[in-house]
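Content type mmCIF, C-alpha atoms; chains and numbers go by the auth columns, from the file final-v4.cif:
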```cif
data_work
#
loop_
_atom_site.group_PDB
_atom_site.id
_atom_site.type_symbol
_atom_site.label_atom_id
_atom_site.label_comp_id
_atom_site.label_asym_id
_atom_site.label_seq_id
_atom_site.Cartn_x
_atom_site.Cartn_y
_atom_site.Cartn_z
_atom_site.B_iso_or_equiv
_atom_site.auth_seq_id
_atom_site.auth_asym_id
ATOM 1 C CA MET A 1 0.000 0.000 0.000 0.00 920 A
ATOM 2 C CA SER A 2 1.462 3.341 -1.012 0.00 921 A
ATOM 3 C CA GLU A 3 0.988 6.562 0.877 0.00 922 A
ATOM 4 C CA PRO A 4 2.212 9.573 -1.126 0.00 923 A
ATOM 5 C CA THR A 5 3.622 12.366 0.948 0.00 924 A
ATOM 6 C CA GLY A 6 3.735 15.671 -0.918 0.00 925 A
ATOM 7 C CA THR A 7 7.079 17.401 -0.821 0.00 926 A
ATOM 8 C CA ASP A 8 7.723 19.908 -3.554 0.00 927 A
ATOM 9 C CA ALA A 9 10.309 22.339 -4.827 0.00 928 A
ATOM 10 C CA THR A 10 8.817 25.187 -2.841 0.00 929 A
ATOM 11 C CA SER A 11 9.814 23.456 0.395 0.00 930 A
ATOM 12 C CA GLY A 12 13.405 23.070 -0.789 0.00 931 A
ATOM 13 C CA ARG A 13 15.925 25.786 -1.277 0.00 932 A
ATOM 14 C CA ARG A 14 16.416 26.980 -4.821 0.00 933 A
ATOM 15 C CA ARG A 15 19.668 28.387 -6.135 0.00 934 A
ATOM 16 C CA PRO A 16 19.701 32.141 -5.458 0.00 935 A
ATOM 17 C CA GLY A 17 19.948 34.235 -8.552 0.00 936 A
ATOM 18 C CA ILE A 18 18.042 31.880 -10.871 0.00 937 A
ATOM 19 C CA PRO A 19 15.641 34.176 -12.745 0.00 938 A
ATOM 20 C CA ILE A 20 11.943 33.517 -12.294 0.00 939 A
ATOM 21 C CA LEU A 21 10.235 33.710 -15.651 0.00 940 A
ATOM 22 C CA ALA A 22 7.279 35.834 -14.600 0.00 941 A
ATOM 23 C CA LEU A 23 9.407 38.234 -12.562 0.00 942 A
ATOM 24 C CA SER A 24 11.988 38.606 -15.304 0.00 943 A
ATOM 25 C CA THR A 25 9.242 39.527 -17.750 0.00 944 A
ATOM 26 C CA LEU A 26 7.931 42.218 -15.442 0.00 945 A
ATOM 27 C CA VAL A 27 11.431 43.634 -14.922 0.00 946 A
ATOM 28 C CA ALA A 28 12.022 43.652 -18.666 0.00 947 A
ATOM 29 C CA LEU A 29 8.845 45.664 -19.158 0.00 948 A
ATOM 30 C CA LEU A 30 9.936 48.201 -16.586 0.00 949 A
ATOM 31 C CA ILE A 31 13.324 48.737 -18.219 0.00 950 A
ATOM 32 C CA GLY A 32 11.898 49.056 -21.697 0.00 951 A
ATOM 33 C CA PHE A 33 12.544 45.594 -23.103 0.00 952 A
ATOM 34 C CA GLY A 34 16.256 45.644 -22.383 0.00 953 A
ATOM 35 C CA GLY A 35 16.621 42.083 -23.697 0.00 954 A
ATOM 36 C CA GLY A 36 15.245 42.929 -27.129 0.00 955 A
ATOM 37 C CA TRP A 37 11.835 42.234 -28.643 0.00 956 A
ATOM 38 C CA VAL A 38 10.302 41.144 -31.936 0.00 957 A
ATOM 39 C CA LEU A 39 6.743 41.820 -33.082 0.00 958 A
ATOM 40 C CA LEU A 40 4.977 38.735 -34.403 0.00 959 A
ATOM 41 C CA GLY A 41 2.897 38.430 -37.529 0.00 960 A
ATOM 42 C CA ARG A 42 5.194 40.629 -39.560 0.00 961 A
ATOM 43 C CA SER A 43 5.548 39.988 -43.287 0.00 962 A
ATOM 44 C CA ASP A 44 9.361 39.829 -43.267 0.00 963 A
ATOM 45 C CA ALA A 45 9.572 36.548 -41.338 0.00 964 A
ATOM 46 C CA PRO A 46 13.236 35.602 -40.795 0.00 965 A
ATOM 47 C CA ALA A 47 14.793 32.724 -42.714 0.00 966 A
ATOM 48 C CA MET A 48 16.366 29.776 -40.889 0.00 967 A
ATOM 49 C CA ASN A 49 19.955 28.686 -41.429 0.00 968 A
ATOM 50 C CA ALA A 50 21.019 25.017 -41.598 0.00 969 A
ATOM 51 C CA ALA A 51 21.618 24.717 -37.831 0.00 970 A
ATOM 52 C CA GLN A 52 18.205 26.184 -37.038 0.00 971 A
ATOM 53 C CA ALA A 53 16.522 23.879 -39.568 0.00 972 A
ATOM 54 C CA SER A 54 18.224 20.919 -37.886 0.00 973 A
ATOM 55 C CA ALA A 55 17.033 22.124 -34.462 0.00 974 A
ATOM 56 C CA LEU A 56 13.501 22.481 -35.820 0.00 975 A
ATOM 57 C CA ALA A 57 13.610 18.901 -37.086 0.00 976 A
ATOM 58 C CA GLU A 58 14.495 17.707 -33.581 0.00 977 A
ATOM 59 C CA ILE A 59 11.699 19.784 -32.058 0.00 978 A
ATOM 60 C CA GLU A 60 9.162 18.460 -34.565 0.00 979 A
ATOM 61 C CA LYS A 61 10.035 14.876 -33.597 0.00 980 A
ATOM 62 C CA THR A 62 8.110 15.387 -30.355 0.00 981 A
ATOM 63 C CA GLY A 63 4.894 15.217 -32.377 0.00 982 A
ATOM 64 C CA ARG A 64 3.078 17.293 -29.774 0.00 983 A
ATOM 65 C CA PHE A 65 2.315 20.333 -31.932 0.00 984 A
ATOM 66 C CA ASP A 66 -0.615 20.962 -34.270 0.00 985 A
ATOM 67 C CA PRO A 67 0.423 20.098 -37.851 0.00 986 A
ATOM 68 C CA GLY A 68 1.764 23.110 -39.733 0.00 987 A
ATOM 69 C CA SER A 69 1.603 25.419 -36.701 0.00 988 A
ATOM 70 C CA ILE A 70 5.339 25.864 -36.054 0.00 989 A
ATOM 71 C CA VAL A 71 6.609 29.324 -37.033 0.00 990 A
ATOM 72 C CA TYR A 72 10.216 30.510 -36.724 0.00 991 A
ATOM 73 C CA LEU A 73 10.326 33.834 -34.860 0.00 992 A
ATOM 74 C CA GLY A 74 14.028 34.661 -34.931 0.00 993 A
ATOM 75 C CA GLU A 75 17.289 34.546 -32.993 0.00 994 A
ATOM 76 C CA LYS A 76 18.681 36.604 -30.116 0.00 995 A
ATOM 77 C CA TYR A 77 21.851 35.909 -28.090 0.00 996 A
ATOM 78 C CA ASP A 78 22.335 32.716 -30.183 0.00 997 A
ATOM 79 C CA ALA A 79 18.941 31.489 -28.944 0.00 998 A
ATOM 80 C CA SER A 80 16.502 30.525 -31.730 0.00 999 A
ATOM 81 C CA VAL A 81 12.772 30.616 -30.936 0.00 1000 A
ATOM 82 C CA TRP A 82 9.678 29.086 -32.564 0.00 1001 A
ATOM 83 C CA ARG A 83 5.979 29.533 -31.886 0.00 1002 A
ATOM 84 C CA ALA A 84 3.420 26.751 -32.311 0.00 1003 A
ATOM 85 C CA THR A 85 0.061 25.529 -31.038 0.00 1004 A
ATOM 86 C CA SER A 86 -1.118 22.226 -29.592 0.00 1005 A
ATOM 87 C CA GLU A 87 -4.404 20.491 -28.766 0.00 1006 A
ATOM 88 C CA ASP A 88 -6.097 21.959 -31.874 0.00 1007 A
ATOM 89 C CA GLY A 89 -5.072 25.497 -30.995 0.00 1008 A
ATOM 90 C CA ALA A 90 -6.122 25.388 -27.354 0.00 1009 A
ATOM 91 C CA LYS A 91 -2.557 25.938 -26.182 0.00 1010 A
ATOM 92 C CA THR A 92 0.220 28.221 -27.381 0.00 1011 A
ATOM 93 C CA CYS A 93 3.740 26.809 -27.405 0.00 1012 A
ATOM 94 C CA LEU A 94 7.220 28.298 -27.447 0.00 1013 A
ATOM 95 C CA ALA A 95 10.307 26.291 -28.383 0.00 1014 A
ATOM 96 C CA ILE A 96 13.872 27.466 -27.821 0.00 1015 A
ATOM 97 C CA SER A 97 17.178 26.115 -29.130 0.00 1016 A
ATOM 98 C CA VAL A 98 20.656 27.044 -27.874 0.00 1017 A
ATOM 99 C CA ALA A 99 23.648 25.195 -29.325 0.00 1018 A
ATOM 100 C CA ASP A 100 22.627 21.506 -29.231 0.00 1019 A
ATOM 101 C CA GLN A 101 19.891 21.917 -26.596 0.00 1020 A
ATOM 102 C CA ASN A 102 16.169 22.228 -27.358 0.00 1021 A
ATOM 103 C CA ARG A 103 13.189 22.751 -25.095 0.00 1022 A
ATOM 104 C CA PHE A 104 9.535 23.734 -25.397 0.00 1023 A
ATOM 105 C CA GLU A 105 6.590 24.649 -23.181 0.00 1024 A
ATOM 106 C CA CYS A 106 2.872 24.811 -24.027 0.00 1025 A
ATOM 107 C CA MET A 107 0.363 26.822 -21.998 0.00 1026 A
ATOM 108 C CA THR A 108 -3.237 27.960 -22.257 0.00 1027 A
ATOM 109 C CA PRO A 109 -3.147 31.698 -23.034 0.00 1028 A
ATOM 110 C CA PRO A 110 -4.816 34.017 -20.514 0.00 1029 A
ATOM 111 C CA GLU A 111 -8.276 35.189 -21.510 0.00 1030 A
ATOM 112 C CA PRO A 112 -8.378 38.731 -22.980 0.00 1031 A
ATOM 113 C CA ASP A 113 -10.885 39.827 -20.309 0.00 1032 A
ATOM 114 C CA ASP A 114 -9.019 38.129 -17.457 0.00 1033 A
ATOM 115 C CA GLU A 115 -9.284 40.455 -14.458 0.00 1034 A
ATOM 116 C CA THR A 116 -6.639 38.721 -12.340 0.00 1035 A
ATOM 117 C CA PRO A 117 -3.845 41.090 -11.164 0.00 1036 A
ATOM 118 C CA PHE A 118 -1.176 39.113 -13.017 0.00 1037 A
ATOM 119 C CA ALA A 119 -1.555 36.434 -15.683 0.00 1038 A
ATOM 120 C CA GLN A 120 1.223 33.884 -16.167 0.00 1039 A
ATOM 121 C CA PRO A 121 2.830 34.607 -19.563 0.00 1040 A
ATOM 122 C CA ILE A 122 3.682 31.887 -22.055 0.00 1041 A
ATOM 123 C CA GLY A 123 7.407 31.219 -21.835 0.00 1042 A
ATOM 124 C CA VAL A 124 10.232 28.721 -22.052 0.00 1043 A
ATOM 125 C CA SER A 125 13.751 28.686 -20.629 0.00 1044 A
ATOM 126 C CA ILE A 126 16.930 26.715 -21.133 0.00 1045 A
ATOM 127 C CA ASP A 127 20.296 26.583 -19.361 0.00 1046 A
ATOM 128 C CA ARG A 128 23.703 26.117 -20.968 0.00 1047 A
ATOM 129 C CA ALA A 129 27.148 25.710 -19.449 0.00 1048 A
ATOM 130 C CA GLU A 130 29.932 27.450 -21.371 0.00 1049 A
ATOM 131 C CA GLY A 131 33.359 27.335 -19.756 0.00 1050 A
ATOM 132 C CA GLU A 132 33.093 29.066 -16.385 0.00 1051 A
ATOM 133 C CA HIS A 133 29.737 30.575 -17.273 0.00 1052 A
ATOM 134 C CA HIS A 134 26.277 29.166 -16.663 0.00 1053 A
ATOM 135 C CA TRP A 135 23.901 30.962 -19.002 0.00 1054 A
ATOM 136 C CA SER A 136 20.136 30.923 -18.562 0.00 1055 A
ATOM 137 C CA TYR A 137 18.097 31.882 -21.632 0.00 1056 A
ATOM 138 C CA TRP A 138 14.374 32.494 -21.636 0.00 1057 A
ATOM 139 C CA ALA A 139 11.753 33.590 -24.154 0.00 1058 A
ATOM 140 C CA THR A 140 8.354 35.016 -23.268 0.00 1059 A
ATOM 141 C CA LEU A 141 5.230 35.881 -25.279 0.00 1060 A
ATOM 142 C CA ILE A 142 3.341 38.923 -24.015 0.00 1061 A
ATOM 143 C CA ASP A 143 0.935 41.515 -25.409 0.00 1062 A
ATOM 144 C CA ASP A 144 2.209 45.059 -25.853 0.00 1063 A
ATOM 145 C CA ILE A 145 0.151 48.140 -25.027 0.00 1064 A
ATOM 146 C CA ALA A 146 -1.654 47.880 -28.374 0.00 1065 A
ATOM 147 C CA GLY A 147 -2.573 44.244 -27.787 0.00 1066 A
ATOM 148 C CA ARG A 148 -0.042 42.897 -30.286 0.00 1067 A
ATOM 149 C CA GLU A 149 1.679 39.617 -29.442 0.00 1068 A
ATOM 150 C CA THR A 150 5.322 40.297 -28.685 0.00 1069 A
ATOM 151 C CA LEU A 151 8.317 38.038 -28.127 0.00 1070 A
ATOM 152 C CA LEU A 152 10.884 38.904 -25.467 0.00 1071 A
ATOM 153 C CA VAL A 153 14.239 37.083 -25.393 0.00 1072 A
ATOM 154 C CA GLN A 154 16.689 37.495 -22.520 0.00 1073 A
ATOM 155 C CA ARG A 155 19.702 35.782 -21.004 0.00 1074 A
ATOM 156 C CA HIS A 156 21.476 35.867 -17.656 0.00 1075 A
ATOM 157 C CA ASP A 157 24.853 34.601 -16.461 0.00 1076 A
ATOM 158 C CA MET A 158 23.833 32.829 -13.267 0.00 1077 A
ATOM 159 C CA SER A 159 27.439 32.106 -12.300 0.00 1078 A
ATOM 160 C CA ALA A 160 28.469 35.764 -12.220 0.00 1079 A
ATOM 161 C CA GLY A 161 29.370 36.922 -8.740 0.00 1080 A
ATOM 162 C CA MET A 162 27.746 33.948 -7.023 0.00 1081 A
ATOM 163 C CA ASP A 163 29.267 31.622 -4.443 0.00 1082 A
ATOM 164 C CA TRP A 164 27.237 28.456 -4.950 0.00 1083 A
ATOM 165 C CA THR A 165 28.405 26.947 -1.652 0.00 1084 A
ATOM 166 C CA SER A 166 26.846 29.729 0.444 0.00 1085 A
ATOM 167 C CA GLN A 167 23.323 28.308 0.090 0.00 1086 A
ATOM 168 C CA PHE A 168 24.176 24.882 1.560 0.00 1087 A
ATOM 169 C CA THR A 169 24.957 23.655 5.070 0.00 1088 A
ATOM 170 C CA ASP A 170 28.204 21.804 5.791 0.00 1089 A
ATOM 171 C CA GLU A 171 26.313 18.492 5.764 0.00 1090 A
ATOM 172 C CA GLU A 172 24.694 19.275 2.415 0.00 1091 A
ATOM 173 C CA GLN A 173 28.032 20.318 0.923 0.00 1092 A
ATOM 174 C CA ALA A 174 29.548 17.016 2.043 0.00 1093 A
ATOM 175 C CA GLN A 175 26.809 15.156 0.160 0.00 1094 A
ATOM 176 C CA ILE A 176 27.270 17.350 -2.905 0.00 1095 A
ATOM 177 C CA GLU A 177 30.965 16.472 -2.903 0.00 1096 A
ATOM 178 C CA LYS A 178 30.008 12.789 -3.100 0.00 1097 A
ATOM 179 C CA ILE A 179 27.718 13.537 -6.063 0.00 1098 A
ATOM 180 C CA ALA A 180 30.432 15.647 -7.724 0.00 1099 A
ATOM 181 C CA ALA A 181 32.775 12.662 -7.461 0.00 1100 A
ATOM 182 C CA GLN A 182 30.499 10.952 -10.012 0.00 1101 A
ATOM 183 C CA GLY A 183 31.496 13.601 -12.589 0.00 1102 A
ATOM 184 C CA VAL A 184 28.708 16.127 -11.865 0.00 1103 A
ATOM 185 C CA ASP A 185 29.549 19.852 -11.821 0.00 1104 A
ATOM 186 C CA PRO A 186 28.587 20.932 -8.264 0.00 1105 A
ATOM 187 C CA ARG A 187 27.748 24.486 -9.367 0.00 1106 A
ATOM 188 C CA TYR A 188 24.618 23.224 -11.108 0.00 1107 A
ATOM 189 C CA ILE A 189 23.267 21.128 -8.241 0.00 1108 A
ATOM 190 C CA GLN A 190 20.315 22.317 -6.181 0.00 1109 A
ATOM 191 C CA ILE A 191 17.979 20.820 -3.603 0.00 1110 A
ATOM 192 C CA VAL A 192 14.529 19.996 -4.946 0.00 1111 A
ATOM 193 C CA GLY A 193 13.105 18.892 -1.591 0.00 1112 A
ATOM 194 C CA TYR A 194 13.596 16.833 1.574 0.00 1113 A
ATOM 195 C CA ASP A 195 12.572 13.445 2.885 0.00 1114 A
ATOM 196 C CA GLY A 196 12.820 14.229 6.571 0.00 1115 A
ATOM 197 C CA GLU A 197 16.475 15.170 7.019 0.00 1116 A
ATOM 198 C CA VAL A 198 17.524 13.608 3.701 0.00 1117 A
ATOM 199 C CA PRO A 199 17.862 16.157 0.856 0.00 1118 A
ATOM 200 C CA VAL A 200 17.006 15.205 -2.707 0.00 1119 A
ATOM 201 C CA PHE A 201 19.224 16.925 -5.274 0.00 1120 A
ATOM 202 C CA ILE A 202 18.753 17.767 -8.946 0.00 1121 A
ATOM 203 C CA SER A 203 21.353 18.735 -11.543 0.00 1122 A
ATOM 204 C CA GLN A 204 20.198 20.553 -14.680 0.00 1123 A
ATOM 205 C CA ALA A 205 23.458 21.249 -16.478 0.00 1124 A
ATOM 206 C CA MET A 206 24.066 19.286 -19.690 0.00 1125 A
ATOM 207 C CA LYS A 207 21.618 16.585 -18.594 0.00 1126 A
ATOM 208 C CA THR A 208 18.929 16.529 -15.915 0.00 1127 A
ATOM 209 C CA CYS A 209 19.530 13.971 -13.150 0.00 1128 A
ATOM 210 C CA VAL A 210 18.118 13.431 -9.660 0.00 1129 A
ATOM 211 C CA TYR A 211 20.336 12.293 -6.781 0.00 1130 A
ATOM 212 C CA VAL A 212 20.143 11.230 -3.158 0.00 1131 A
ATOM 213 C CA VAL A 213 22.966 10.127 -0.873 0.00 1132 A
ATOM 214 C CA ASP A 214 21.904 7.081 1.159 0.00 1133 A
ATOM 215 C CA PRO A 215 22.469 8.082 4.803 0.00 1134 A
ATOM 216 C CA GLU A 216 23.027 4.439 5.764 0.00 1135 A
ATOM 217 C CA GLY A 217 25.939 3.774 3.417 0.00 1136 A
ATOM 218 C CA ASP A 218 26.833 7.107 1.759 0.00 1137 A
ATOM 219 C CA ALA A 219 26.144 5.548 -1.653 0.00 1138 A
ATOM 220 C CA VAL A 220 24.997 7.965 -4.364 0.00 1139 A
ATOM 221 C CA ILE A 221 21.711 6.894 -5.953 0.00 1140 A
ATOM 222 C CA GLU A 222 20.812 8.598 -9.228 0.00 1141 A
ATOM 223 C CA SER A 223 18.103 8.738 -11.876 0.00 1142 A
ATOM 224 C CA CYS A 224 18.874 10.343 -15.244 0.00 1143 A
ATOM 225 C CA GLU A 225 16.201 8.816 -17.496 0.00 1144 A
ATOM 226 C CA PRO A 226 12.620 10.099 -17.089 0.00 1145 A
ATOM 227 C CA THR A 227 9.527 8.038 -17.790 0.00 1146 A
ATOM 228 C CA ASP A 228 7.359 8.727 -20.840 0.00 1147 A
ATOM 229 C CA GLU A 229 5.434 11.156 -18.626 0.00 1148 A
ATOM 230 C CA GLY A 230 8.655 13.054 -17.842 0.00 1149 A
ATOM 231 C CA VAL A 231 8.971 11.816 -14.235 0.00 1150 A
ATOM 232 C CA PHE A 232 12.319 10.907 -12.702 0.00 1151 A
ATOM 233 C CA LEU A 233 11.993 7.920 -10.348 0.00 1152 A
ATOM 234 C CA LEU A 234 14.607 7.200 -7.698 0.00 1153 A
ATOM 235 C CA SER A 235 14.306 4.371 -5.153 0.00 1154 A
ATOM 236 C CA ARG A 236 15.908 4.122 -1.705 0.00 1155 A
ATOM 237 C CA GLY A 237 14.777 1.052 0.176 0.00 1156 A
ATOM 238 C CA SER A 238 10.993 1.125 0.454 0.00 1157 A
ATOM 239 C CA THR A 239 10.888 4.826 -0.474 0.00 1158 A
ATOM 240 C CA VAL A 240 10.437 6.152 -4.019 0.00 1159 A
ATOM 241 C CA TYR A 241 11.213 9.747 -4.960 0.00 1160 A
ATOM 242 C CA GLU A 242 9.269 11.145 -7.926 0.00 1161 A
ATOM 243 C CA VAL A 243 10.558 14.386 -9.469 0.00 1162 A
ATOM 244 C CA ARG A 244 8.702 16.062 -12.315 0.00 1163 A
ATOM 245 C CA GLU A 245 9.256 19.359 -14.126 0.00 1164 A
ATOM 246 C CA THR A 246 6.359 21.827 -14.084 0.00 1165 A
ATOM 247 C CA PRO A 247 6.098 25.021 -16.173 0.00 1166 A
ATOM 248 C CA SER A 248 5.199 27.281 -13.243 0.00 1167 A
ATOM 249 C CA ARG A 249 6.794 25.720 -10.135 0.00 1168 A
ATOM 250 C CA GLY A 250 9.951 24.138 -11.506 0.00 1169 A
ATOM 251 C CA PRO A 251 10.969 20.663 -10.270 0.00 1170 A
ATOM 252 C CA VAL A 252 8.421 19.140 -7.860 0.00 1171 A
ATOM 253 C CA LEU A 253 9.242 16.269 -5.500 0.00 1172 A
ATOM 254 C CA THR A 254 6.794 13.632 -4.260 0.00 1173 A
ATOM 255 C CA VAL A 255 7.877 11.080 -1.653 0.00 1174 A
ATOM 256 C CA VAL A 256 6.074 7.715 -1.815 0.00 1175 A
ATOM 257 C CA ARG A 257 6.495 5.144 0.946 0.00 1176 A
ATOM 258 C CA ASN A 258 5.637 1.530 0.245 0.00 1177 A
ATOM 259 C CA GLY A 259 4.414 -0.005 3.491 0.00 1178 A
ATOM 260 C CA GLY A 260 4.739 -3.690 4.293 0.00 1179 A
#
```
Spit out the file's structure as structure tokens when you get a sec.
Amino acid sequence: MSEPTGTDATSGRRRPGIPILALSTLVALLIGFGGGWVLLGRSDAPAMNAAQASALAEIEKTGRFDPGSIVYLGEKYDASVWRATSEDGAKTCLAISVADQNRFECMTPPEPDDETPFAQPIGVSIDRAEGEHHWSYWATLIDDIAGRETLLVQRHDMSAGMDWTSQFTDEEQAQIEKIAAQGVDPRYIQIVGYDGEVPVFISQAMKTCVYVVDPEGDAVIESCEPTDEGVFLLSRGSTVYEVRETPSRGPVLTVVRNGG
């Protein structure tokens, strides 16, 4: 019999300095679109080069978009962005490609007459390690003051001026050192949640993996291959850790205990 115990990313400590998509959009508006913007629906749609066409082919392999709906929007900071729809137009999607990494997100657009104080914009982000730098790129679709759909593309060097060790206790750092010994860059490790006093870690550098250090033997247990539903499963004894990515809350941890 399984009894799921909810433990999510909000209960863990996130890496300070990682830009929150909604907040970054608001800041960009206040500073006059400092990251650069492109109006959609224009007649002079940009042409793709060979690398962008190859990235599009990889994105199309997902098969999750409405046929013929993918439109190339352009490139900024070496980040190429496409717009598409899914579920017969019910959702708007953004796909981003940086170097050899691709990612997409699909969301239901806010209603035009939505009276909520702040509506979650449609956006997608991707991280890339480059030498000593850890770049975070994100693209966001918003409406300008005239109601025209607008694309905002920004990037941030999350490694600039940041001491990654300052957010962890001595005990947590000791566990991170054990994970780093497996060839994982410790700068890109964060805590997604806790099982009692046991932290569950996630690394989202070149490849997303979930880790836990077994307190009984100090062995590093990892999961780097998600299920078809995009869930990372990691087992420790009779306990299973489920970590899934969400568009609004980031990685979310669920702890499931299998009773005897």
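A straight line drawn from CA of Glu1024 in chain A to CA of Gly1042 in chain A is 6.8 Å long.
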### Query
Got a sec: who's within 7 Å of range 1044-1046 of chain A, counting only C-alpha atoms, leaving out chain neighbours fewer than 6 positions off, as a VMD selection string?
chain A and resid 1022 1054 to 1058 1124
May I have the residues from that selection written out with C-alpha atoms, as an mmCIF file, in the coordinates of the input?
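That gives us out_31.cif:
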```
data_model
loop_
_atom_site.group_PDB
_atom_site.id
_atom_site.type_symbol
_atom_site.label_atom_id
_atom_site.label_comp_id
_atom_site.auth_asym_id
_atom_site.auth_seq_id
_atom_site.Cartn_x
_atom_site.Cartn_y
_atom_site.Cartn_z
ATOM 1 C CA ARG A 1022 13.189 22.751 -25.095
ATOM 2 C CA TRP A 1054 23.901 30.962 -19.002
ATOM 3 C CA SER A 1055 20.136 30.923 -18.562
ATOM 4 C CA TYR A 1056 18.097 31.882 -21.632
ATOM 5 C CA TRP A 1057 14.374 32.494 -21.636
ATOM 6 C CA ALA A 1058 11.753 33.590 -24.154
ATOM 7 C CA ALA A 1124 23.458 21.249 -16.478
#
```
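Atom pair CA of Arg1002 in chain A / CA of Leu1172 in chain A: separated by 29.7 Å.
Nearest to Asp1076 in chain A of all the residues A:Ala1048, A:Val1139, A:Cys1012, A:Val1175 is A:Ala1048, counting only C-alpha atoms.
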Closest of A:Gly987, A:Thr1004, A:Phe1120, A:Ala974 to Asp1019 in chain A, counting all atoms listed in the file, is A:Ala974
Residue with the minimum atom-to-atom distance to Gln1123 in chain A, picked from A:Asp997, A:Glu1148, A:Glu1164, A:Asp1089 with only C-alpha atoms counted, is A:Glu1164
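Run against this file, the PyMOL selection byres ((chain A and resi 1162) around 7) gives back Val1150, Phe1151, Leu1152, Tyr1160, Glu1161, Arg1163, Glu1164, Pro1170, Val1171, Leu1172 and Thr1173 of chain A.
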Where atoms are missing, can you supply all heavy atoms for range 1126-1131 of chain A and output the lot as a PDB file, keeping the file's coordinate frame?
```
ATOM      1  N   LYS A1126      22.666  17.590 -18.642  1.00  0.00           N
ATOM      2  CA  LYS A1126      21.618  16.585 -18.594  1.00  0.00           C
ATOM      3  C   LYS A1126      20.961  16.630 -17.224  1.00  0.00           C
ATOM      4  O   LYS A1126      21.636  16.794 -16.217  1.00  0.00           O
ATOM      5  CB  LYS A1126      22.213  15.189 -18.858  1.00  0.00           C
ATOM      6  CG  LYS A1126      21.189  14.070 -18.921  1.00  0.00           C
ATOM      7  CD  LYS A1126      21.842  12.746 -19.272  1.00  0.00           C
ATOM      8  CE  LYS A1126      20.818  11.639 -19.429  1.00  0.00           C
ATOM      9  NZ  LYS A1126      21.449  10.342 -19.788  1.00  0.00           N
ATOM     10  N   THR A1127      19.648  16.498 -17.186  1.00  0.00           N
ATOM     11  CA  THR A1127      18.929  16.529 -15.915  1.00  0.00           C
ATOM     12  C   THR A1127      19.023  15.171 -15.228  1.00  0.00           C
ATOM     13  O   THR A1127      18.723  14.141 -15.836  1.00  0.00           O
ATOM     14  CB  THR A1127      17.458  16.902 -16.127  1.00  0.00           C
ATOM     15  OG1 THR A1127      17.372  18.202 -16.702  1.00  0.00           O
ATOM     16  CG2 THR A1127      16.701  16.888 -14.804  1.00  0.00           C
ATOM     17  N   CYS A1128      19.456  15.185 -13.958  1.00  0.00           N
ATOM     18  CA  CYS A1128      19.530  13.971 -13.150  1.00  0.00           C
ATOM     19  C   CYS A1128      19.080  14.298 -11.732  1.00  0.00           C
ATOM     20  O   CYS A1128      19.225  15.437 -11.263  1.00  0.00           O
ATOM     21  CB  CYS A1128      20.954  13.405 -13.099  1.00  0.00           C
ATOM     22  SG  CYS A1128      21.567  12.770 -14.675  1.00  0.00           S
ATOM     23  N   VAL A1129      18.546  13.302 -11.050  1.00  0.00           N
ATOM     24  CA  VAL A1129      18.118  13.431  -9.660  1.00  0.00           C
ATOM     25  C   VAL A1129      19.004  12.528  -8.814  1.00  0.00           C
ATOM     26  O   VAL A1129      19.319  11.400  -9.209  1.00  0.00           O
ATOM     27  CB  VAL A1129      16.637  13.040  -9.507  1.00  0.00           C
ATOM     28  CG1 VAL A1129      16.206  13.113  -8.052  1.00  0.00           C
ATOM     29  CG2 VAL A1129      15.765  13.944 -10.374  1.00  0.00           C
ATOM     30  N   TYR A1130      19.413  13.027  -7.627  1.00  0.00           N
ATOM     31  CA  TYR A1130      20.336  12.293  -6.781  1.00  0.00           C
ATOM     32  C   TYR A1130      19.875  12.310  -5.326  1.00  0.00           C
ATOM     33  O   TYR A1130      19.217  13.257  -4.873  1.00  0.00           O
ATOM     34  CB  TYR A1130      21.743  12.913  -6.814  1.00  0.00           C
ATOM     35  CG  TYR A1130      22.344  13.066  -8.177  1.00  0.00           C
ATOM     36  CD1 TYR A1130      22.159  14.238  -8.906  1.00  0.00           C
ATOM     37  CD2 TYR A1130      23.112  12.054  -8.756  1.00  0.00           C
ATOM     38  CE1 TYR A1130      22.714  14.397 -10.164  1.00  0.00           C
ATOM     39  CE2 TYR A1130      23.676  12.214 -10.010  1.00  0.00           C
ATOM     40  CZ  TYR A1130      23.477  13.379 -10.706  1.00  0.00           C
ATOM     41  OH  TYR A1130      24.031  13.530 -11.951  1.00  0.00           O
ATOM     42  N   VAL A1131      20.269  11.256  -4.608  1.00  0.00           N
ATOM     43  CA  VAL A1131      20.143  11.230  -3.158  1.00  0.00           C
ATOM     44  C   VAL A1131      21.325  10.417  -2.630  1.00  0.00           C
ATOM     45  O   VAL A1131      21.759   9.449  -3.263  1.00  0.00           O
ATOM     46  CB  VAL A1131      18.796  10.617  -2.703  1.00  0.00           C
ATOM     47  CG1 VAL A1131      18.718   9.138  -3.034  1.00  0.00           C
ATOM     48  CG2 VAL A1131      18.587  10.828  -1.211  1.00  0.00           C
TER      49      VAL A1131
END
```
